[in-house]
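Asker: To start, I am sharing the structure in question, which I have written as structure tokens.
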Amino acid sequence: MRRGIWPAMLSGTLGVLILALVGNGQERLGLAGRGDSLRLALLRSPEVRRELKLTDEQIERITRLEAESKQTKKQFDSATKGEKGKPRAKLEDPNLTDAQRQAILAREAQLDGFEQQTDARLDAVLTARQRTRLSQIALRVQGPSAFLTPEVIEKLGIQPEQLQAIREVLGVMKGQQDQYKEAQKRSSELARAGGEFALEKVRKDQEKSQGRAFMYKLGQQAMPEIGRILSRHQRELYNHMIGPPFELGKLTGRDGEPLLDESANLAAWLLKQPAIHDELKLTTAQRNDLANGKSAGSVLDARQRSRLNQIALQAEGLSALARPDVIRALRLDDEQLQQIQGILGGLMDESRRLRDQLKAEPPDPAAAGLDPAVAKEQARERMRAGSTQLREDVTRRVAAVLTRRQSEAFQRLLGEPFDFRKLRSEPGAAAAPPR
């Protein structure tokens, strides 16, 4: 059996013990970190605003509150940031000194205080009914991790042996979460090293959406297990706490994009670009259907779907060679997979060294008489040039591993080259370097 080069990204509940996130209570579907109000973050979604029936005045006040909260958190982060280039120490680090541990606890206490202050100000904007409903939705988003919070433990009367059993369930889910994050990290590094340099932000956005969808799935798996740990009375109390059904899968951001979209991919993003519309020769009716939210599968014909997939594969660059479907299509054997794995691993290492090298001696814009923006763009150009050279070298090495028939099959998968420079002139489109 053939296996992918890197770990693949993974694509009934009791009553309404539903849909949620596994984690430490702070990740909360990636909507809010420590110090951020989850309830305020949820109000970015039009679905939540409609559920609460917010007035225009309330939305305006909430928007101001969010901007002020963000600024306060930014100032605090800036004032308490550690040494540049080093990640913040975490409580689980066994090498922490007592002083470091106390400093982390003090910082977390301040962040919790910010969240409480924001929630108090938000309560002043909402009616009693709106506050209750928003808290119910927030509890649903917290999902399994909510059972570790003092509020839920107290209200449900969770006993120590139940709490230990719940922790064990969450521990298993946390292990799966960590494995997924590691696989996603490696995939991201490979895409950044071997794909279109300027599509990096698009990839980050799709990874966030896919990550939230995966956490959502983990929560679905955990909730029935936790339901079996609770008594019937405790389940009934929890059902009352989360209130009437609210489908988290329908949550969207302000841009209307789903927050939990496992299918988020480059093809979906590319299909929004006018240059791609021209390349696919979309009719006016097809453009209108896509603009009105119809799925690409129902709008595009077979030829158009095939061409879109080819362009998306081109945009992935060398990272496409780690895709299971590409591996199957090329019929790579184990020896070839091992060789390609080593080549792509080397590409990631060289790409990291290139980035570190460019960061090691940053130019002084003032000394060079350059505008900072110009200096930044020059640094990006050096990175693009270095990355292009790396990709060309690795492409030659990979080509030497493939048979003639496999090389021809790969070229058929890619199709005619698409000029990604066409995306540069479009407002809001990500600029892509020449291929």
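Chain labels A, B, ... are given in the sequence in which chains occur in the structure tokens; within each chain residues are numbered consecutively from 1, and ligands are likewise numbered from 1 in the order shown.
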Can you list every residue in segment 130-174 of chain A that DSSP puts in alpha helix (DSSP H), as JSON, numbers by chain?
Answerer: {"A": [130, 131, 132, 133, 134, 135, 136, 137, 138, 139, 140, 141, 142, 150, 151, 152, 153, 154, 155, 156, 160, 161, 162, 163, 164, 165, 166, 167, 168, 169, 170, 171, 172, 173, 174]}
Asker: Name the residues in contact with Phe410 of chain A at a cut-off of 10 Å, using only C-alpha atoms, excluding same-chain residues fewer than 2 positions from it; report them as a list in words.
Answerer: Leu321, Val326, Ile327, Ala329, Leu330, Leu402, Arg404, Arg405, Gln406, Ser407, Glu408, Arg412, Leu413, Leu414 and Gly415 of chain A
Asker: At a cut-off of 12 Å, using only C-alpha atoms, what residues contact Gly171 of chain A? Leave out same-chain residues fewer than 2 positions from it and give the result as a short mmCIF file (atom, residue, chain, number, x, y, z; two decimals) with N, CA and C atoms, in the first residue's frame.
Answerer:
```cif
data_model
loop_
_atom_site.label_atom_id
_atom_site.label_comp_id
_atom_site.auth_asym_id
_atom_site.auth_seq_id
_atom_site.Cartn_x
_atom_site.Cartn_y
_atom_site.Cartn_z
N VAL A 22 -12.36 20.64 21.00
CA VAL A 22 -11.56 20.07 22.05
C VAL A 22 -10.37 21.01 22.26
N GLY A 23 -9.92 21.16 23.47
CA GLY A 23 -8.78 22.03 23.71
C GLY A 23 -8.74 22.49 25.13
N ASN A 24 -8.08 23.60 25.38
CA ASN A 24 -7.88 24.04 26.75
C ASN A 24 -8.87 25.11 27.16
N PRO A 144 -16.38 20.59 24.61
CA PRO A 144 -15.85 19.73 25.67
C PRO A 144 -15.01 20.47 26.69
N SER A 145 -14.24 21.47 26.26
CA SER A 145 -13.38 22.19 27.20
C SER A 145 -14.17 22.93 28.26
N GLN A 164 -11.99 13.61 36.33
CA GLN A 164 -10.81 12.87 35.88
C GLN A 164 -11.11 12.12 34.59
N ALA A 165 -12.30 11.51 34.50
CA ALA A 165 -12.68 10.79 33.28
C ALA A 165 -12.81 11.74 32.10
N ILE A 166 -13.35 12.93 32.34
CA ILE A 166 -13.48 13.93 31.28
C ILE A 166 -12.10 14.37 30.80
N ARG A 167 -11.18 14.56 31.75
CA ARG A 167 -9.82 14.95 31.39
C ARG A 167 -9.15 13.89 30.50
N GLU A 168 -9.43 12.63 30.79
CA GLU A 168 -8.85 11.56 29.98
C GLU A 168 -9.39 11.60 28.54
N VAL A 169 -10.69 11.86 28.40
CA VAL A 169 -11.28 11.99 27.06
C VAL A 169 -10.64 13.14 26.31
N MET A 173 -8.22 13.49 22.74
CA MET A 173 -8.52 14.44 21.68
C MET A 173 -7.38 15.43 21.47
N LYS A 174 -6.75 15.84 22.59
CA LYS A 174 -5.65 16.79 22.49
C LYS A 174 -4.48 16.16 21.74
N GLY A 175 -4.25 14.86 21.95
CA GLY A 175 -3.19 14.19 21.21
C GLY A 175 -3.45 14.20 19.72
N GLN A 176 -4.70 13.96 19.32
CA GLN A 176 -5.06 14.01 17.90
C GLN A 176 -4.90 15.42 17.35
N GLN A 177 -5.27 16.39 18.18
CA GLN A 177 -5.15 17.79 17.77
C GLN A 177 -3.69 18.14 17.53
N ASP A 178 -2.80 17.71 18.43
CA ASP A 178 -1.38 18.02 18.28
C ASP A 178 -0.79 17.35 17.03
N LEU A 218 -13.34 16.92 16.10
CA LEU A 218 -12.88 16.33 17.34
C LEU A 218 -13.91 16.53 18.46
N ALA A 222 -15.87 13.88 20.91
CA ALA A 222 -15.69 13.91 22.36
C ALA A 222 -17.01 14.03 23.12
#
```
Asker: Between A:Asn292, A:Thr97, A:Ser231, A:Thr252, single out the one closest to Leu156 of chain A, counting only C-alpha atoms.
Answerer: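 For Leu156 of chain A, the nearest of the candidates is A:Ser231.
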Asker: Ranking A:Ile311, A:Gln234, A:Gly219, A:Thr284 by minimum distance to Leu271 of chain A and counting only C-alpha atoms, which one comes first?
Answerer: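 That would be A:Ile311, the residue with the smallest distance to Leu271 of chain A.
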Asker: Restricting the calculation to only C-alpha atoms: of A:Arg131, A:Arg64, A:Lys217, A:Lys70, which residue gets closest to Val48 of chain A?
Answerer: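 Nearest to Val48 of chain A: A:Arg131.
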Asker: Please indicate the distance in Å from atom CA of Arg34 of chain A to atom CA of Gln100 of chain A, rounded to one decimal place.
Answerer: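 A separation of 18.4 Å between them.
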